[in-house]
Amino acid sequence: MPSVPENELVLIFDFGSQYGQLIARRVRELNVFCQIVRHDLPAERVRELRPRGIILSGGPASVYEPGAPQCDPAIFGLDVPILGICYGMQLACHVLGGKVSPSASREFGRAHCRIREHEGLFGGVPDETIVWMSHGDQVQSVNGDFIALAETDTCPMAAVRHRQRHVYGLQFHPEVSHTPCGNRILRNFLHDVCGCTGAWKMHSFIEQTVAELQRRIGKHRVICGLSGGVDSSVAAALLIRAVGPQVACIFVDNGLLRQAEADAVRNTFRGNFQADLHVVDAGKRFLEALAGVSDPQEKRRIIGHMFIDVFKDEALHIDNARFLAQGTLYPDVIESGASRDGPAANIKTHHNVGGLPSELGFELIEPLKDLFKDEVRRLGLELGLPETTVWRHPFPGPGLAVRCLGPVSAERLTVLRKADAILLDELKQSGWYKRTSQAFAVLLPVQSVGVMGDGRTYENVIALRAVQTDDFMTADWSQLPYDLLAKISTRIINNVAGINRVVYDVSSKPPATIEWE
C-alpha cells in the first residue's frame, strides 16, 4: 500500500457488530488508514501486515459460550497495541486470564463514567463523562493483570489496561456520537498509544483504490451499473480515473426515476466525463411487469429480475467485459444482511447487493463498499463531479416504485413525480436541501375527503419525508420550519391534480426505516 504512510495501518477485527464499520469511519476521520478484517485472522498474517494497532470490535455473542467468535490468541504476543471495545474488551480479558460473566445490572444507553487514570487512553478527558453502554456481560475479575481506568455505578471495570502488555479495553462504545469524548479516546489510542501521525487523507484513498483497480482490471473492460445517484456516479468517476475508456456505463431508464433524472445523467457523464454511456429506455417493460403489484418485497424482486434482464441484454454489446462495478455502500450491505462476520437482520432486499454477478457472469467490483455516504460525497468532489451530482439526495434502486405505495401505474407515478419535484425545489430555494440528508414524497394507497371549490373531493394523500443523518445507519426526522411545510403543502395541493392532503413523517430510524417500503 504505497499511499499509506509507512506502518500506519490499523486493523479492525470484526466480531459481528453493526458498529464495526462505524469504528472504521471514526478512525479514518482521524486520518489514520484502517482495514476491517476477519476476527480469526492468523497472528502470522497480522505480523506480515505490520499494523500500528489493532481494534477488537463489539459483537452480539458471549465469550464464554460454545462457538463464540474468537481471535488468534497469539495476536496478544505481537507487541502491537490492542484496544478491545465491548465484546472485544471481554474477549481480551478472557484470553488473558480474566473472568467474564452476565452482569447483575445490564447497561443499555447513556451512563455516567468516572475516570480513574487520565494518562494515555484518557488524556484530556474530564473526571466524569457520559458514555454509551450496550452490554449484558461484563468483566468480573482480572487476576491483577489489568488496571481499572474507569467505572460506572454498575460496572467497576468500564475501561482497563494490562499491566505489562499494550492491551486496553473499553466496555462502552467510543465510536458512537452518544459518547461525547469518544473521538478523543480513539485519538489518544491511535496517536499516543499506537504512534500514528494522522497523515492519511481521502486523496490517499483515491490513489490506493485506483492502483488496486488498475491491477485487478488489467486490459479488460468493466461495466458500471449507473443509476444517476451519488453512489453509482462516484463509483463510475473513480473507475474512469483508474482505467478511462475501458469503462462502459449502462444506465437503465426504468420509468421509475425522479423528474429530469435521465437528462442529468446524460449531461454529467457524456458532457463532463466523455464516458462510454449506454442508455436503455425500458420504462414500458418495467411498468408492465409491475402492473397490479402492491407488496414492496415483490416489487423489489420484480424490478431486480427485470433489471438483470435489461442490463444483460445491453451488456452483451460490450466486448471484452469481465467486471461489473456497483456503487454499493456499507449501509446497503448491512441492511441486506451481508455483514462480513456476524449476524445482521435482513431488513430489506437491495437489488444491487448480491445476485447480479452470478446472474450476469461478471466478477464484481464494489470500490465504495467500505464507505459511508458523507465519505462518498467528499470522494466525489475530489474526483471532480459537479456539486449537483454530489449533493443529490439518495434514491433507492427500485426508484419511485417503493415510494408509490400500493399498485404502480404511469398515472400514479406522474402524480408522485410532480409532488416530489415541488418538495425538492422548495428545499433548494429555502436552503434546506443541503441541510437535509434525504427528502422525498410518498404517494399513499389511501384517499381522503377534502373540499375544493365548495365541492367534496375524495383524492390522494402525499406524505413528505425528510431526515438528517451522518451515516444512514440511524436518522432523525428533519424539523423543517412550519412556514416552509405550509408552502410545500399548498403548492402541491394547488398544482398536482389528484392530491387534496399532505402529511409530514416525524419518525426516526430506528424504529422506522428512512424509506417507507
# chains A, B, ... in the order shown; residues from 1 in each chain; ligands from 1
>>> residues_around(residues="Asn320 in chain A", least_positions_apart="3", cutoff="12 Å", atoms="only C-alpha atoms", output="ChimeraX atom specification")
/A:217-223,246-248,315-317,323-324,362
>>> select_by_dssp(residues="range 261-307 of chain A", states="strand (DSSP E or B)", output="PyMOL selection string")
chain A and resi 276-281
>>> write_last_selection(atoms="C-alpha atoms", output="mmCIF file, in the first residue's frame")
data_model
loop_
_atom_site.group_PDB
_atom_site.id
_atom_site.type_symbol
_atom_site.label_atom_id
_atom_site.label_comp_id
_atom_site.auth_asym_id
_atom_site.auth_seq_id
_atom_site.Cartn_x
_atom_site.Cartn_y
_atom_site.Cartn_z
ATOM 1 C CA ASP A 276 -18.981 5.481 -22.903
ATOM 2 C CA LEU A 277 -22.607 5.763 -21.738
ATOM 3 C CA HIS A 278 -25.243 3.267 -22.844
ATOM 4 C CA VAL A 279 -28.805 4.496 -22.101
ATOM 5 C CA VAL A 280 -31.590 1.893 -22.216
ATOM 6 C CA ASP A 281 -35.195 3.132 -22.310
#
>>> closest_atom_pairs(of="range 174-225 of chain A", to="range 122-141 of chain A", cutoff="12 Å", atoms="only C-alpha atoms", output="tab-separated table")
residue	atom	partner	partner_atom	distance
A:Pro174	CA	A:Val131	CA	7.3
A:Glu175	CA	A:Trp132	CA	9.3
A:Val176	CA	A:Trp132	CA	7.4
A:Ser177	CA	A:Trp132	CA	8.6
A:His178	CA	A:Trp132	CA	5.8
A:Thr179	CA	A:Val131	CA	4.4
A:Pro180	CA	A:Ile130	CA	6.7
A:Cys181	CA	A:Val125	CA	6.7
A:Gly182	CA	A:Val131	CA	7.9
A:Asn183	CA	A:Val125	CA	10.5
A:Arg184	CA	A:Val125	CA	7.5
A:Ile185	CA	A:Phe122	CA	5.9
A:Leu186	CA	A:Phe122	CA	9.3
A:Arg187	CA	A:Gly123	CA	9.8
A:Asn188	CA	A:Gly123	CA	6.9
A:Phe189	CA	A:Phe122	CA	8.9
A:His191	CA	A:Gly123	CA	11.4
A:Asp192	CA	A:Gly123	CA	9.2
A:Val193	CA	A:Gly123	CA	10.9
>>> select_by_dssp(residues="range 77-325 of chain A", states="helix (DSSP H, G or I)", output="VMD selection string")
chain A and resid 77 87 to 95 120 to 122 182 to 193 202 to 217 230 to 246 261 to 272 283 to 290 296 to 315
>>> residues_around(residues="Val46 in chain A", least_positions_apart="4", cutoff="9 Å", atoms="only C-alpha atoms", output="MDAnalysis selection string")
chainID A and resid 11 41:42 50:51 75 78
>>> write_last_selection(atoms="N, CA and C atoms", output="compact mmCIF listing (two decimals), in the first residue's frame")
# COMPACT_ATOMS: atom_id res chain seq x y z
N LEU A 11 -5.75 -2.35 12.07
CA LEU A 11 -6.66 -3.43 11.72
C LEU A 11 -7.82 -3.46 12.70
N LEU A 41 -8.30 -13.69 11.92
CA LEU A 41 -7.09 -13.51 11.11
C LEU A 41 -5.88 -14.04 11.87
N PRO A 42 -5.10 -14.94 11.27
CA PRO A 42 -3.96 -15.53 11.98
C PRO A 42 -2.93 -14.47 12.38
N ARG A 50 2.05 -5.73 9.43
CA ARG A 50 2.78 -4.74 10.23
C ARG A 50 1.90 -3.56 10.64
N PRO A 51 0.77 -3.83 11.30
CA PRO A 51 -0.09 -2.72 11.72
C PRO A 51 0.49 -1.96 12.89
N ILE A 75 -2.11 -13.01 18.80
CA ILE A 75 -2.01 -11.58 18.46
C ILE A 75 -1.63 -10.76 19.68
N LEU A 78 2.20 -10.06 19.93
CA LEU A 78 2.89 -9.42 18.80
C LEU A 78 3.49 -8.06 19.14
>>> atom_distance(atom1="CA of Gly20 in chain A", atom2="CA of Ala325 in chain A")
24.2 Å
>>> residues_around(residues="range 391-395 of chain A", least_positions_apart="4", cutoff="8 Å", atoms="only C-alpha atoms", output="mmCIF file with N, CA and C atoms, in the first residue's frame")
data_model
loop_
_atom_site.group_PDB
_atom_site.id
_atom_site.type_symbol
_atom_site.label_atom_id
_atom_site.label_comp_id
_atom_site.auth_asym_id
_atom_site.auth_seq_id
_atom_site.Cartn_x
_atom_site.Cartn_y
_atom_site.Cartn_z
ATOM 1 N N GLY A 229 -27.543 8.204 -9.206
ATOM 2 C CA GLY A 229 -27.398 8.634 -7.826
ATOM 3 C C GLY A 229 -25.950 8.905 -7.471
ATOM 4 N N VAL A 230 -25.731 9.391 -6.261
ATOM 5 C CA VAL A 230 -24.386 9.754 -5.820
ATOM 6 C C VAL A 230 -23.461 8.538 -5.839
ATOM 7 N N ARG A 377 -19.461 11.453 -0.686
ATOM 8 C CA ARG A 377 -19.623 12.822 -1.206
ATOM 9 C C ARG A 377 -18.267 13.527 -1.285
ATOM 10 N N GLU A 387 -21.217 19.592 -8.136
ATOM 11 C CA GLU A 387 -21.879 19.594 -6.835
ATOM 12 C C GLU A 387 -23.327 19.130 -6.932
ATOM 13 N N GLY A 399 -36.396 2.739 -7.259
ATOM 14 C CA GLY A 399 -36.952 4.033 -7.655
ATOM 15 C C GLY A 399 -38.275 4.364 -7.017
ATOM 16 N N LYS A 434 -29.459 21.063 1.360
ATOM 17 C CA LYS A 434 -28.193 20.556 1.882
ATOM 18 C C LYS A 434 -28.245 20.311 3.387
ATOM 19 N N SER A 437 -30.450 15.276 4.789
ATOM 20 C CA SER A 437 -29.662 14.218 4.161
ATOM 21 C C SER A 437 -30.443 13.511 3.066
ATOM 22 N N GLN A 438 -31.743 13.437 3.244
ATOM 23 C CA GLN A 438 -32.590 12.786 2.257
ATOM 24 C C GLN A 438 -34.014 13.297 2.430
ATOM 25 N N ALA A 439 -34.656 13.637 1.322
ATOM 26 C CA ALA A 439 -36.040 14.111 1.365
ATOM 27 C C ALA A 439 -36.767 13.611 0.129
#
>>> atom_distance(atom1="CA of Asp153 in chain A", atom2="CA of Ala111 in chain A")
8.3 Å
>>> closest_residue(among="A:Asp471, A:Asp313, A:Glu426, A:Asp231", to="Ile492 in chain A", atoms="only C-alpha atoms")
A:Glu426
>>> residues_around(residues="range 473-477 of chain A", least_positions_apart="6", cutoff="7 Å", atoms="only C-alpha atoms", output="list of chain:residue names")
A:Pro331, A:Ala466, A:Val467, A:Val506, A:Ser507, A:Ser508, A:Lys509, A:Pro510
>>> residues_around(residues="Gln326 in chain A", least_positions_apart="2", cutoff="10 Å", atoms="only C-alpha atoms", output="VMD selection string")
chain A and resid 223 to 227 231 to 236 324 328 to 329 352 to 353 356 364 to 369
>>> write_last_selection(atoms="C-alpha atoms", output="mmCIF file, in the first residue's frame")
data_model
loop_
_atom_site.group_PDB
_atom_site.id
_atom_site.type_symbol
_atom_site.label_atom_id
_atom_site.label_comp_id
_atom_site.auth_asym_id
_atom_site.auth_seq_id
_atom_site.Cartn_x
_atom_site.Cartn_y
_atom_site.Cartn_z
ATOM 1 C CA ILE A 223 -19.220 -2.392 -16.945
ATOM 2 C CA CYS A 224 -20.571 0.091 -14.408
ATOM 3 C CA GLY A 225 -24.224 -0.013 -13.437
ATOM 4 C CA LEU A 226 -25.066 3.697 -13.392
ATOM 5 C CA SER A 227 -28.281 4.821 -11.701
ATOM 6 C CA ASP A 231 -23.082 6.253 -5.121
ATOM 7 C CA SER A 232 -23.004 4.882 -8.656
ATOM 8 C CA SER A 233 -21.828 8.232 -10.068
ATOM 9 C CA VAL A 234 -18.845 8.327 -7.711
ATOM 10 C CA ALA A 235 -18.062 4.673 -8.439
ATOM 11 C CA ALA A 236 -18.133 5.422 -12.178
ATOM 12 C CA LEU A 324 -19.250 -5.456 -13.185
ATOM 13 C CA THR A 328 -22.717 -0.376 -3.073
ATOM 14 C CA LEU A 329 -22.121 1.343 0.274
ATOM 15 C CA ASN A 352 -27.884 -4.055 -6.251
ATOM 16 C CA VAL A 353 -26.360 -6.163 -3.458
ATOM 17 C CA LEU A 356 -26.018 -9.680 -10.213
ATOM 18 C CA LEU A 364 -17.996 -7.937 -9.027
ATOM 19 C CA ILE A 365 -16.160 -4.712 -8.201
ATOM 20 C CA GLU A 366 -17.516 -2.557 -5.356
ATOM 21 C CA PRO A 367 -14.953 0.210 -4.800
ATOM 22 C CA LEU A 368 -17.144 2.073 -2.263
ATOM 23 C CA LYS A 369 -18.327 -0.852 -0.135
#
>>> closest_residue(among="A:His173, A:Arg435, A:Arg465, A:Arg403", to="Asp295 in chain A", atoms="only C-alpha atoms")
A:Arg403
>>> residues_around(residues="Ala260 in chain A", least_positions_apart="4", cutoff="12 Å", atoms="only C-alpha atoms", output="list of chain:residue names")
A:Gly228, A:Asp253, A:Gly255, A:Leu256, A:Ala264, A:Val265, A:Arg266, A:Asn267, A:Arg417, A:Lys418, A:Asp420, A:Ala421
>>> closest_residue(among="A:Ile514, A:Val293, A:Leu381, A:Ala497", to="Thr457 in chain A", atoms="only C-alpha atoms")
A:Ala497
